[in-house]
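Coordinates as given in model.txt (compact mmCIF, C-alpha atoms):
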```txt
# COMPACT_ATOMS: atom_id res chain seq x y z
CA MET A 1 10.49 -18.13 -11.12
CA GLN A 2 11.02 -17.55 -7.39
CA SER A 3 10.62 -13.82 -7.99
CA VAL A 4 8.20 -11.39 -6.37
CA LEU A 5 7.17 -10.47 -9.92
CA GLY A 6 6.54 -14.11 -10.88
CA ASP A 7 3.43 -14.53 -8.71
CA PRO A 8 0.24 -12.76 -9.93
CA ASN A 9 -0.87 -11.81 -6.41
CA ASP A 10 2.51 -10.40 -5.42
CA LEU A 11 2.82 -8.60 -8.76
CA SER A 12 -0.52 -6.86 -8.21
CA LEU A 13 0.71 -5.39 -4.93
CA VAL A 14 4.03 -4.29 -6.41
CA LEU A 15 2.14 -2.46 -9.19
CA LEU A 16 0.16 -0.46 -6.63
CA PHE A 17 3.37 1.43 -5.84
CA PRO A 18 3.75 3.02 -9.33
CA LEU A 19 -0.03 3.26 -9.68
CA ALA A 20 -0.15 5.82 -6.86
CA PHE A 21 2.53 7.90 -8.60
CA ALA A 22 0.74 7.65 -11.96
CA VAL A 23 -2.56 8.88 -10.48
CA SER A 24 -0.74 11.66 -8.62
CA LEU A 25 1.00 12.88 -11.78
CA GLY A 26 -2.30 12.88 -13.65
CA THR A 27 -4.29 14.80 -11.01
CA THR A 28 -1.87 17.24 -9.33
CA ARG A 29 -2.21 20.82 -10.51
CA GLY A 30 0.98 22.48 -11.67
CA VAL A 31 2.53 19.33 -13.13
CA SER A 32 3.56 19.85 -16.76
CA LEU A 33 1.24 18.61 -19.50
CA PHE A 34 3.82 16.06 -20.64
CA TRP A 35 4.07 14.44 -17.22
CA ARG A 36 0.29 14.56 -16.71
CA PHE A 37 -0.19 12.78 -20.04
CA PHE A 38 2.54 10.28 -19.09
CA GLY A 39 0.78 9.65 -15.78
CA ILE A 40 -2.56 8.98 -17.48
CA ILE A 41 -1.00 6.52 -19.95
CA ALA A 42 0.85 4.75 -17.12
CA LEU A 43 -2.39 4.68 -15.10
CA ILE A 44 -4.25 2.86 -17.86
CA ALA A 45 -1.42 0.36 -18.38
CA ILE A 46 -0.97 -0.41 -14.66
CA VAL A 47 -4.69 -0.82 -13.93
CA SER A 48 -4.97 -3.16 -16.92
CA ALA A 49 -2.05 -5.20 -15.61
CA ILE A 50 -3.50 -5.48 -12.09
CA ILE A 51 -6.88 -6.54 -13.51
CA ALA A 52 -5.10 -9.21 -15.56
CA THR A 53 -3.66 -10.76 -12.38
CA GLN A 54 -7.21 -11.40 -11.11
CA SER A 55 -6.00 -10.59 -7.60
CA ARG A 56 -8.75 -9.51 -5.22
CA GLY A 57 -6.15 -7.86 -2.98
CA GLY A 58 -4.89 -5.90 -5.99
CA LEU A 59 -8.41 -4.68 -6.79
CA LEU A 60 -8.86 -3.51 -3.20
CA GLY A 61 -5.56 -1.65 -3.55
CA ILE A 62 -6.80 0.07 -6.72
CA MET A 63 -9.92 1.19 -4.89
CA THR A 64 -7.80 2.51 -2.01
CA VAL A 65 -5.62 4.61 -4.35
CA PHE A 66 -8.57 6.05 -6.26
CA GLY A 67 -10.55 6.54 -3.06
CA LEU A 68 -7.85 8.67 -1.41
CA PHE A 69 -7.40 10.83 -4.50
CA GLY A 70 -11.18 11.02 -4.86
CA LEU A 71 -11.40 12.55 -1.37
CA ARG A 72 -9.30 15.44 -2.68
CA ILE A 73 -11.22 15.91 -5.91
CA VAL A 74 -14.88 15.00 -5.21
CA LYS A 75 -16.53 17.24 -2.63
CA SER A 76 -19.66 15.13 -2.14
CA LYS A 77 -18.85 12.09 0.02
CA ALA A 78 -22.15 10.40 -0.93
CA LEU A 79 -21.27 10.74 -4.61
CA LEU A 80 -17.78 9.40 -3.97
CA ILE A 81 -19.13 6.33 -2.13
CA SER A 82 -21.61 5.67 -4.92
CA ILE A 83 -18.93 5.95 -7.60
CA GLY A 84 -16.61 3.73 -5.54
CA GLY A 85 -19.21 0.99 -5.12
CA LEU A 86 -20.03 0.99 -8.82
CA ALA A 87 -16.34 0.99 -9.75
CA MET A 88 -15.70 -2.00 -7.47
CA LEU A 89 -18.45 -4.01 -9.18
CA VAL A 90 -17.10 -3.09 -12.61
CA LEU A 91 -13.51 -4.00 -11.65
CA PHE A 92 -14.52 -7.40 -10.27
CA ALA A 93 -16.57 -8.10 -13.39
CA VAL A 94 -13.80 -7.04 -15.77
CA ALA A 95 -11.19 -9.00 -13.81
CA GLY A 96 -13.26 -12.16 -14.12
CA ILE A 97 -12.92 -13.09 -10.44
CA SER A 98 -15.61 -15.77 -10.81
CA ASP A 99 -13.46 -17.58 -13.37
CA ARG A 100 -10.35 -17.73 -11.17
CA ALA A 101 -8.76 -21.15 -11.04
CA SER A 102 -8.21 -20.71 -7.30
CA GLY A 103 -11.87 -20.14 -6.58
CA GLY A 104 -14.37 -17.34 -6.95
CA ALA A 105 -17.95 -16.29 -6.72
CA ALA A 106 -19.16 -19.44 -8.49
CA GLU A 107 -18.35 -21.57 -5.44
CA ASP A 108 -20.79 -22.05 -2.57
CA GLY A 109 -19.91 -20.63 0.85
CA ILE A 110 -16.33 -19.66 1.57
CA ASP A 111 -14.23 -20.48 -1.50
CA GLU A 112 -11.07 -22.56 -1.50
CA SER A 113 -8.79 -19.51 -1.73
CA ALA A 114 -10.41 -17.88 1.32
CA MET A 115 -10.23 -21.07 3.40
CA GLY A 116 -6.57 -21.49 2.48
CA ARG A 117 -5.88 -18.03 3.87
CA ILE A 118 -7.75 -18.78 7.08
CA TYR A 119 -5.72 -21.96 7.63
CA ALA A 120 -2.47 -20.11 6.87
CA TRP A 121 -3.33 -17.24 9.22
CA GLY A 122 -4.10 -19.77 11.95
CA ALA A 123 -0.74 -21.44 11.38
CA ALA A 124 1.04 -18.08 11.66
CA PHE A 125 -0.73 -17.35 14.95
CA HIS A 126 0.24 -20.74 16.35
CA MET A 127 3.86 -20.11 15.36
CA ALA A 128 3.82 -16.84 17.30
CA VAL A 129 2.15 -18.40 20.33
CA GLU A 130 4.71 -21.21 20.52
CA ARG A 131 7.66 -18.88 19.77
CA PRO A 132 6.39 -15.48 20.97
CA LEU A 133 9.72 -13.63 20.98
CA THR A 134 11.31 -14.79 17.73
CA GLY A 135 8.71 -16.61 15.64
CA VAL A 136 10.02 -19.36 13.35
CA GLY A 137 12.54 -17.08 11.61
CA LEU A 138 12.60 -15.11 8.38
CA ASP A 139 11.53 -17.04 5.28
CA ASN A 140 10.73 -20.11 7.36
CA PHE A 141 6.92 -20.02 7.22
CA LEU A 142 6.60 -22.49 4.35
CA SER A 143 8.95 -25.06 5.83
CA ASN A 144 7.10 -24.92 9.18
CA TYR A 145 3.54 -24.83 7.82
CA PHE A 146 2.99 -28.58 8.30
CA PHE A 147 3.84 -28.44 12.01
CA TYR A 148 1.51 -25.55 12.89
CA SER A 149 -1.45 -25.77 10.51
CA SER A 150 -4.77 -27.25 11.64
CA HIS A 151 -5.43 -28.48 8.10
CA TRP A 152 -3.04 -30.41 5.87
CA ASP A 153 -3.78 -31.10 2.20
CA GLY A 154 -0.35 -32.42 1.31
CA LEU A 155 1.13 -29.04 0.37
CA ASN A 156 2.78 -26.17 2.23
CA HIS A 157 1.06 -22.82 1.66
CA ALA A 158 2.13 -19.19 1.82
CA VAL A 159 0.65 -17.10 4.61
CA HIS A 160 -1.09 -14.67 2.21
CA SER A 161 -0.99 -11.81 4.72
CA THR A 162 1.76 -9.31 5.41
CA TRP A 163 0.71 -8.88 9.04
CA PHE A 164 0.34 -12.58 9.85
CA GLY A 165 3.53 -13.32 7.92
CA VAL A 166 5.53 -10.92 10.07
CA LEU A 167 3.83 -12.29 13.19
CA GLY A 168 4.63 -15.93 12.40
CA GLU A 169 8.24 -15.32 11.33
CA THR A 170 9.32 -12.69 13.90
CA GLY A 171 6.92 -13.12 16.82
CA PHE A 172 4.96 -10.46 18.66
CA PRO A 173 7.90 -8.01 19.11
CA GLY A 174 8.59 -8.14 15.37
CA LEU A 175 4.96 -7.42 14.53
CA ILE A 176 4.89 -4.45 16.95
CA VAL A 177 8.04 -2.98 15.39
CA PHE A 178 6.76 -3.55 11.85
CA VAL A 179 3.33 -2.01 12.51
CA GLY A 180 4.97 0.92 14.30
CA MET A 181 7.30 1.50 11.34
CA ILE A 182 4.42 1.49 8.83
CA ALA A 183 2.20 3.70 11.03
CA THR A 184 5.01 6.22 11.61
CA SER A 185 5.82 6.36 7.90
CA LEU A 186 2.17 6.83 6.93
CA ARG A 187 1.77 9.57 9.54
CA SER A 188 4.96 11.33 8.34
CA ALA A 189 3.91 11.09 4.69
CA THR A 190 0.47 12.53 5.49
CA LYS A 191 1.93 15.42 7.51
CA SER A 192 4.50 16.21 4.81
CA SER A 193 1.88 16.11 2.06
CA LEU A 194 -0.46 18.46 3.94
CA ARG A 195 2.41 20.85 4.72
CA LEU A 196 3.59 20.89 1.09
CA ASP A 197 0.05 21.64 -0.09
CA ALA A 198 -0.36 24.40 2.49
CA THR A 199 2.92 26.12 1.51
CA ASN A 200 2.26 25.75 -2.23
CA ALA A 201 5.46 23.78 -2.73
CA PRO A 202 6.67 22.79 -6.22
CA ALA A 203 4.21 20.55 -8.05
CA ASP A 204 6.64 17.63 -8.23
CA ALA A 205 7.04 17.59 -4.45
CA ARG A 206 3.28 17.83 -3.88
CA ALA A 207 2.69 15.00 -6.34
CA MET A 208 5.24 12.82 -4.57
CA GLY A 209 3.70 13.51 -1.16
CA ARG A 210 0.22 12.51 -2.32
CA ALA A 211 1.57 9.42 -4.09
CA LEU A 212 3.40 8.18 -1.00
CA VAL A 213 0.29 8.50 1.19
CA ALA A 214 -1.86 6.63 -1.33
CA GLY A 215 0.83 4.05 -2.08
CA LEU A 216 1.45 3.17 1.56
CA ALA A 217 -2.27 2.98 2.31
CA ALA A 218 -2.91 0.78 -0.73
CA CYS A 219 -0.07 -1.58 0.19
CA CYS A 220 -1.44 -1.85 3.73
CA VAL A 221 -4.92 -2.75 2.48
CA SER A 222 -3.73 -5.10 -0.25
CA GLY A 223 -0.98 -6.50 1.97
CA THR A 224 -3.62 -7.80 4.37
CA PHE A 225 -4.23 -10.54 1.78
CA LEU A 226 -0.74 -10.77 0.25
CA THR A 227 2.67 -11.70 1.67
CA GLN A 228 4.87 -8.60 1.37
CA GLY A 229 6.36 -8.01 4.82
CA PHE A 230 9.97 -8.61 3.77
CA THR A 231 9.98 -7.62 0.10
CA TRP A 232 11.08 -4.30 -1.34
CA PRO A 233 7.88 -2.23 -2.09
CA PHE A 234 7.21 -1.24 1.54
CA TYR A 235 10.81 -0.31 2.23
CA ILE A 236 11.29 1.80 -0.90
CA GLN A 237 8.19 3.79 0.05
CA ILE A 238 9.44 4.17 3.63
CA ALA A 239 12.81 5.43 2.35
CA LEU A 240 11.11 7.92 0.03
CA THR A 241 8.89 9.05 2.91
CA ALA A 242 11.97 9.75 5.04
CA ALA A 243 13.50 11.74 2.17
CA LEU A 244 10.27 13.69 1.62
CA THR A 245 10.00 14.48 5.32
CA ARG A 246 13.55 15.85 5.32
CA TYR A 247 12.81 17.89 2.18
CA THR A 248 9.64 19.29 3.76
CA GLU A 249 11.55 20.34 6.88
CA MET A 250 14.16 22.13 4.75
CA GLN A 251 11.45 23.90 2.74
CA THR A 252 9.70 24.98 5.93
CA ALA A 253 12.97 26.28 7.40
CA LYS A 254 13.61 28.33 4.25
CA ALA A 255 10.11 29.77 4.27
CA ALA A 256 10.21 30.75 7.95
CA PRO A 257 12.80 33.59 7.62
CA GLN A 258 10.92 35.00 4.62
CA ASP A 259 7.66 35.02 6.56
CA ALA A 260 9.38 36.75 9.48
CA THR A 261 10.86 39.41 7.15
CA GLU A 262 7.47 40.06 5.54
CA LEU A 263 5.88 40.37 9.00
CA GLU A 264 8.51 42.90 10.12
CA GLY A 265 8.03 44.89 6.91
CA SER A 266 4.29 45.07 7.36
CA SER A 267 4.73 46.14 11.01
CA GLU A 268 7.08 48.99 10.03
CA LYS A 269 4.64 50.20 7.37
CA SER A 270 1.79 50.21 9.84
CA LEU A 271 3.90 52.28 12.28
```

Please rewrite the model in this file as structure tokens.
Amino acid sequence: MQSVLGDPNDLSLVLLFPLAFAVSLGTTRGVSLFWRFFGIIALIAIVSAIIATQSRGGLLGIMTVFGLFGLRIVKSKALLISIGGLAMLVLFAVAGISDRASGGAAEDGIDESAMGRIYAWGAAFHMAVERPLTGVGLDNFLSNYFFYSSHWDGLNHAVHSTWFGVLGETGFPGLIVFVGMIATSLRSATKSSLRLDATNAPADARAMGRALVAGLAACCVSGTFLTQGFTWPFYIQIALTAALTRYTEMQTAKAAPQDATELEGSSEKSL
């Protein structure tokens, strides 16, 4: 109770973090057979757990992870899109989205869950408009929902969006800082991953680089529908991205003198 792991929607986003690492271990060349097998087993277990939560945001996160790794493996983009569309239909069917207690495909028009999000997002925007510099304060969205929502059903509701949650609780400056932090981390992780692949770095480092890119992207997509702005998954990935960036810089610095020595040697031979 009162834990980020106690809510099915929040749990699905948290599981996207290890899912990216599991897929990376299972698909990166050079990783030992034991760890590749471990990654595949973990992949099956984590996907099954996310499907069990019946979270639509979690399913979108799964598709993001597999889509990014698919871009590396599948050369034909048309084939990848076709496989992705079919996989999405299968995931939604297996997850039983239509049988969700909170609403699903069986309801006419926009379901109750979707309308709840729209009302909550509107409340977050109104909070930011009235308090543009500070918002209503961290962890104060629920207690202020009644005063800013255009629809009241007798209950306070979570914002169900990382971006709107940060906006409502910290104002426009807080949202700018948060988005900048995520964008910078995603850019650094992508650059580090590409550099590690280009220099044929150790398999473990390459696997970590790919996992961080996919994990951050999946959390951004899934986080659009889940409240995770001030919980630990984002910040662990950001910390690991900073560590990977530092490691990549050190590896590049070590490789530079060797390249220079090889270039001098080849020049002397040619002379």

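Relative to atom CA of A:Ile176, atom CA of A:Met115 is found at 26.2 Å.
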
Find the residues around A:Phe66 up to 12 Å (all atoms listed in the file counted), leave out those fewer than 6 positions away in its own chain, and share them as number ranges by chain.
A: 16, 19-24, 26-27, 43, 47, 59-60, 72-74, 80-81, 83-85, 87-88, 210-211, 213-215, 217-218

Within 12 Å of stretch 129-148 of chain A, which residues of stretch 214-264 of chain A come that close, and what is the closest atom pair and distance in Å for each? Count only C-alpha atoms and give it as JSON lines.
```
{"residue": "A:Thr227", "atom": "CA", "partner": "A:Phe141", "partner_atom": "CA", "distance": 10.9}
{"residue": "A:Gln228", "atom": "CA", "partner": "A:Asp139", "partner_atom": "CA", "distance": 11.4}
{"residue": "A:Gly229", "atom": "CA", "partner": "A:Leu138", "partner_atom": "CA", "distance": 10.1}
{"residue": "A:Phe230", "atom": "CA", "partner": "A:Leu138", "partner_atom": "CA", "distance": 8.4}
{"residue": "A:Thr231", "atom": "CA", "partner": "A:Asp139", "partner_atom": "CA", "distance": 10.9}
```

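Take the candidates A:Val31, A:Ile41, A:Ala114, A:Leu68 and check each one against A:Ala205 using all atoms listed in the file; the shortest distance goes to A:Val31.
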
With 6 Å added on each side, what axis-aligned box encloses every listed atom of stretch 199-203 of chain A? Give the centre and edge lengths in Å to one decimal, as AutoDock Vina command-line options.
```
--center_x 4.5 --center_y 23.3 --center_z -3.3 --size_x 16.4 --size_y 17.6 --size_z 21.6
```

Within 10 Å of A:Tyr247 using only C-alpha atoms, minus same-chain residues under 6 positions, as JSON, numbers by chain
{"A": [192, 196, 205, 241, 253]}

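Put simply, atom CA of A:Arg56 is 22.6 Å away from atom CA of A:Leu155.
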
Give me, as a VMD selection string, all polymer residues having an atom no more than 9 Å from A:Gly122, counting all atoms listed in the file and skipping those fewer than 5 positions away in the same chain.
chain A and resid 117 127 148 to 150 164

Could you pull the residues within 7 Å of stretch 7-9 of chain A, counting only C-alpha atoms, minus those fewer than 2 positions along the same chain, as a ChimeraX atom specification?
/A:4-5,11-13,53,55,226

A:Val177 surroundings by all atoms listed in the file, 12 Å radius, close-in-sequence under 5 positions cut, as a PDB file with C-alpha atoms, in the frame of the given file:
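Once everything was written out, this is around38.pdb:
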```pdb
ATOM      1  CA  TRP A 163       0.710  -8.880   9.040  1.00  0.00           C
ATOM      2  CA  VAL A 166       5.530 -10.920  10.070  1.00  0.00           C
ATOM      3  CA  LEU A 167       3.830 -12.290  13.190  1.00  0.00           C
ATOM      4  CA  THR A 170       9.320 -12.690  13.900  1.00  0.00           C
ATOM      5  CA  GLY A 171       6.920 -13.120  16.820  1.00  0.00           C
ATOM      6  CA  PHE A 172       4.960 -10.460  18.660  1.00  0.00           C
ATOM      7  CA  ILE A 182       4.420   1.490   8.830  1.00  0.00           C
ATOM      8  CA  ALA A 183       2.200   3.700  11.030  1.00  0.00           C
ATOM      9  CA  THR A 184       5.010   6.220  11.610  1.00  0.00           C
ATOM     10  CA  GLY A 229       6.360  -8.010   4.820  1.00  0.00           C
TER      11      GLY A 229
END
```

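Picture a line from atom CA of A:Arg246 to atom CA of A:Arg29; it runs 22.9 Å.
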
Between A:Val159, A:Ala207, A:Ala120, A:Leu175, which is the closest to A:Gly39 once you count all atoms listed in the file?
A:Ala207

Which is closest to A:His151 among A:His126, A:Leu212, A:Gly168, A:Gly116, if we use all atoms listed in the file?
A:Gly116

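Distances to A:Tyr235 were evaluated for A:Ile40, A:Ala189, A:Val221, A:Leu216 using all atoms listed in the file, and the minimum falls at A:Leu216.
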
For the structure just given, write the atoms of stretch 135-175 of chain A, namely N, CA and C atoms, as a PDB file, in the first residue's frame.
```
ATOM      1  N   GLY A 135       3.801  26.156  -9.175  1.00  0.00           N
ATOM      2  CA  GLY A 135       2.792  25.113  -9.133  1.00  0.00           C
ATOM      3  C   GLY A 135       2.197  25.015  -7.733  1.00  0.00           C
ATOM      4  N   VAL A 136       1.573  23.887  -7.424  1.00  0.00           N
ATOM      5  CA  VAL A 136       0.949  23.717  -6.102  1.00  0.00           C
ATOM      6  C   VAL A 136       1.883  23.013  -5.123  1.00  0.00           C
ATOM      7  N   GLY A 137       3.087  22.645  -5.565  1.00  0.00           N
ATOM      8  CA  GLY A 137       4.044  22.001  -4.673  1.00  0.00           C
ATOM      9  C   GLY A 137       4.096  20.497  -4.872  1.00  0.00           C
ATOM     10  N   LEU A 138       5.253  19.916  -4.560  1.00  0.00           N
ATOM     11  CA  LEU A 138       5.446  18.483  -4.750  1.00  0.00           C
ATOM     12  C   LEU A 138       4.449  17.683  -3.924  1.00  0.00           C
ATOM     13  N   ASP A 139       3.890  16.662  -4.549  1.00  0.00           N
ATOM     14  CA  ASP A 139       2.967  15.724  -3.897  1.00  0.00           C
ATOM     15  C   ASP A 139       1.699  16.408  -3.402  1.00  0.00           C
ATOM     16  N   ASN A 140       1.340  17.515  -4.022  1.00  0.00           N
ATOM     17  CA  ASN A 140       0.138  18.241  -3.602  1.00  0.00           C
ATOM     18  C   ASN A 140      -0.967  18.217  -4.659  1.00  0.00           C
ATOM     19  N   PHE A 141      -0.789  17.432  -5.719  1.00  0.00           N
ATOM     20  CA  PHE A 141      -1.803  17.422  -6.780  1.00  0.00           C
ATOM     21  C   PHE A 141      -3.132  16.882  -6.266  1.00  0.00           C
ATOM     22  N   LEU A 142      -3.086  15.751  -5.574  1.00  0.00           N
ATOM     23  CA  LEU A 142      -4.320  15.125  -5.099  1.00  0.00           C
ATOM     24  C   LEU A 142      -5.116  16.054  -4.176  1.00  0.00           C
ATOM     25  N   SER A 143      -4.427  16.669  -3.240  1.00  0.00           N
ATOM     26  CA  SER A 143      -5.117  17.507  -2.263  1.00  0.00           C
ATOM     27  C   SER A 143      -5.660  18.787  -2.884  1.00  0.00           C
ATOM     28  N   ASN A 144      -5.193  19.155  -4.069  1.00  0.00           N
ATOM     29  CA  ASN A 144      -5.677  20.373  -4.734  1.00  0.00           C
ATOM     30  C   ASN A 144      -6.575  20.076  -5.929  1.00  0.00           C
ATOM     31  N   TYR A 145      -6.817  18.797  -6.202  1.00  0.00           N
ATOM     32  CA  TYR A 145      -7.595  18.428  -7.391  1.00  0.00           C
ATOM     33  C   TYR A 145      -8.982  19.069  -7.387  1.00  0.00           C
ATOM     34  N   PHE A 146      -9.649  19.058  -6.237  1.00  0.00           N
ATOM     35  CA  PHE A 146     -11.011  19.591  -6.142  1.00  0.00           C
ATOM     36  C   PHE A 146     -11.080  21.054  -6.571  1.00  0.00           C
ATOM     37  N   PHE A 147     -10.065  21.831  -6.229  1.00  0.00           N
ATOM     38  CA  PHE A 147     -10.104  23.278  -6.461  1.00  0.00           C
ATOM     39  C   PHE A 147      -9.813  23.657  -7.916  1.00  0.00           C
ATOM     40  N   TYR A 148      -9.226  22.749  -8.690  1.00  0.00           N
ATOM     41  CA  TYR A 148      -8.808  23.109 -10.044  1.00  0.00           C
ATOM     42  C   TYR A 148      -9.451  22.264 -11.142  1.00  0.00           C
ATOM     43  N   SER A 149     -10.160  21.211 -10.770  1.00  0.00           N
ATOM     44  CA  SER A 149     -10.766  20.350 -11.780  1.00  0.00           C
ATOM     45  C   SER A 149     -12.097  20.914 -12.257  1.00  0.00           C
ATOM     46  N   SER A 150     -12.377  20.728 -13.553  1.00  0.00           N
ATOM     47  CA  SER A 150     -13.656  21.173 -14.116  1.00  0.00           C
ATOM     48  C   SER A 150     -14.752  20.142 -13.908  1.00  0.00           C
ATOM     49  N   HIS A 151     -14.384  18.976 -13.378  1.00  0.00           N
ATOM     50  CA  HIS A 151     -15.368  17.915 -13.149  1.00  0.00           C
ATOM     51  C   HIS A 151     -15.097  17.268 -11.799  1.00  0.00           C
ATOM     52  N   TRP A 152     -16.129  17.171 -10.973  1.00  0.00           N
ATOM     53  CA  TRP A 152     -15.952  16.593  -9.637  1.00  0.00           C
ATOM     54  C   TRP A 152     -16.933  15.441  -9.460  1.00  0.00           C
ATOM     55  N   ASP A 153     -16.405  14.249  -9.178  1.00  0.00           N
ATOM     56  CA  ASP A 153     -17.252  13.080  -8.977  1.00  0.00           C
ATOM     57  C   ASP A 153     -17.211  12.595  -7.527  1.00  0.00           C
ATOM     58  N   GLY A 154     -16.704  13.452  -6.649  1.00  0.00           N
ATOM     59  CA  GLY A 154     -16.649  13.095  -5.242  1.00  0.00           C
ATOM     60  C   GLY A 154     -15.327  12.513  -4.800  1.00  0.00           C
ATOM     61  N   LEU A 155     -14.390  12.325  -5.748  1.00  0.00           N
ATOM     62  CA  LEU A 155     -13.093  11.735  -5.417  1.00  0.00           C
ATOM     63  C   LEU A 155     -11.973  12.546  -6.042  1.00  0.00           C
ATOM     64  N   ASN A 156     -10.837  12.631  -5.338  1.00  0.00           N
ATOM     65  CA  ASN A 156      -9.634  13.201  -5.935  1.00  0.00           C
ATOM     66  C   ASN A 156      -8.986  12.151  -6.822  1.00  0.00           C
ATOM     67  N   HIS A 157      -8.360  12.579  -7.907  1.00  0.00           N
ATOM     68  CA  HIS A 157      -7.761  11.652  -8.858  1.00  0.00           C
ATOM     69  C   HIS A 157      -6.298  12.016  -9.100  1.00  0.00           C
ATOM     70  N   ALA A 158      -5.504  10.992  -9.404  1.00  0.00           N
ATOM     71  CA  ALA A 158      -4.110  11.219  -9.786  1.00  0.00           C
ATOM     72  C   ALA A 158      -4.065  11.840 -11.172  1.00  0.00           C
ATOM     73  N   VAL A 159      -2.966  12.498 -11.492  1.00  0.00           N
ATOM     74  CA  VAL A 159      -2.864  13.208 -12.764  1.00  0.00           C
ATOM     75  C   VAL A 159      -2.696  12.261 -13.945  1.00  0.00           C
ATOM     76  N   HIS A 160      -2.124  11.083 -13.730  1.00  0.00           N
ATOM     77  CA  HIS A 160      -1.944  10.086 -14.784  1.00  0.00           C
ATOM     78  C   HIS A 160      -1.161  10.642 -15.983  1.00  0.00           C
ATOM     79  N   SER A 161      -0.163  11.432 -15.709  1.00  0.00           N
ATOM     80  CA  SER A 161       0.756  11.908 -16.744  1.00  0.00           C
ATOM     81  C   SER A 161       1.981  12.491 -16.070  1.00  0.00           C
ATOM     82  N   THR A 162       3.140  11.999 -16.427  1.00  0.00           N
ATOM     83  CA  THR A 162       4.376  12.525 -15.858  1.00  0.00           C
ATOM     84  C   THR A 162       4.539  14.004 -16.182  1.00  0.00           C
ATOM     85  N   TRP A 163       4.284  14.367 -17.422  1.00  0.00           N
ATOM     86  CA  TRP A 163       4.526  15.739 -17.877  1.00  0.00           C
ATOM     87  C   TRP A 163       3.553  16.714 -17.228  1.00  0.00           C
ATOM     88  N   PHE A 164       2.260  16.361 -17.208  1.00  0.00           N
ATOM     89  CA  PHE A 164       1.278  17.240 -16.581  1.00  0.00           C
ATOM     90  C   PHE A 164       1.449  17.251 -15.064  1.00  0.00           C
ATOM     91  N   GLY A 165       1.905  16.125 -14.505  1.00  0.00           N
ATOM     92  CA  GLY A 165       2.147  16.088 -13.066  1.00  0.00           C
ATOM     93  C   GLY A 165       3.240  17.058 -12.652  1.00  0.00           C
ATOM     94  N   VAL A 166       4.333  17.066 -13.410  1.00  0.00           N
ATOM     95  CA  VAL A 166       5.421  17.997 -13.133  1.00  0.00           C
ATOM     96  C   VAL A 166       4.961  19.435 -13.353  1.00  0.00           C
ATOM     97  N   LEU A 167       4.156  19.642 -14.391  1.00  0.00           N
ATOM     98  CA  LEU A 167       3.655  20.991 -14.674  1.00  0.00           C
ATOM     99  C   LEU A 167       2.791  21.511 -13.533  1.00  0.00           C
ATOM    100  N   GLY A 168       1.842  20.690 -13.067  1.00  0.00           N
ATOM    101  CA  GLY A 168       0.930  21.139 -12.029  1.00  0.00           C
ATOM    102  C   GLY A 168       1.604  21.353 -10.684  1.00  0.00           C
ATOM    103  N   GLU A 169       2.630  20.543 -10.371  1.00  0.00           N
ATOM    104  CA  GLU A 169       3.241  20.615  -9.049  1.00  0.00           C
ATOM    105  C   GLU A 169       4.456  21.534  -8.980  1.00  0.00           C
ATOM    106  N   THR A 170       5.084  21.851 -10.119  1.00  0.00           N
ATOM    107  CA  THR A 170       6.271  22.712 -10.093  1.00  0.00           C
ATOM    108  C   THR A 170       6.162  23.929 -11.009  1.00  0.00           C
ATOM    109  N   GLY A 171       5.064  24.047 -11.763  1.00  0.00           N
ATOM    110  CA  GLY A 171       4.906  25.195 -12.634  1.00  0.00           C
ATOM    111  C   GLY A 171       5.682  25.050 -13.937  1.00  0.00           C
ATOM    112  N   PHE A 172       5.645  26.098 -14.744  1.00  0.00           N
ATOM    113  CA  PHE A 172       6.295  26.066 -16.051  1.00  0.00           C
ATOM    114  C   PHE A 172       7.819  25.964 -15.949  1.00  0.00           C
ATOM    115  N   PRO A 173       8.492  26.664 -15.023  1.00  0.00           N
ATOM    116  CA  PRO A 173       9.955  26.487 -14.910  1.00  0.00           C
ATOM    117  C   PRO A 173      10.338  25.046 -14.564  1.00  0.00           C
ATOM    118  N   GLY A 174       9.572  24.418 -13.685  1.00  0.00           N
ATOM    119  CA  GLY A 174       9.866  23.045 -13.313  1.00  0.00           C
ATOM    120  C   GLY A 174       9.719  22.100 -14.480  1.00  0.00           C
ATOM    121  N   LEU A 175       8.692  22.305 -15.301  1.00  0.00           N
ATOM    122  CA  LEU A 175       8.494  21.450 -16.469  1.00  0.00           C
ATOM    123  C   LEU A 175       9.635  21.624 -17.465  1.00  0.00           C
TER     124      LEU A 175
END
```
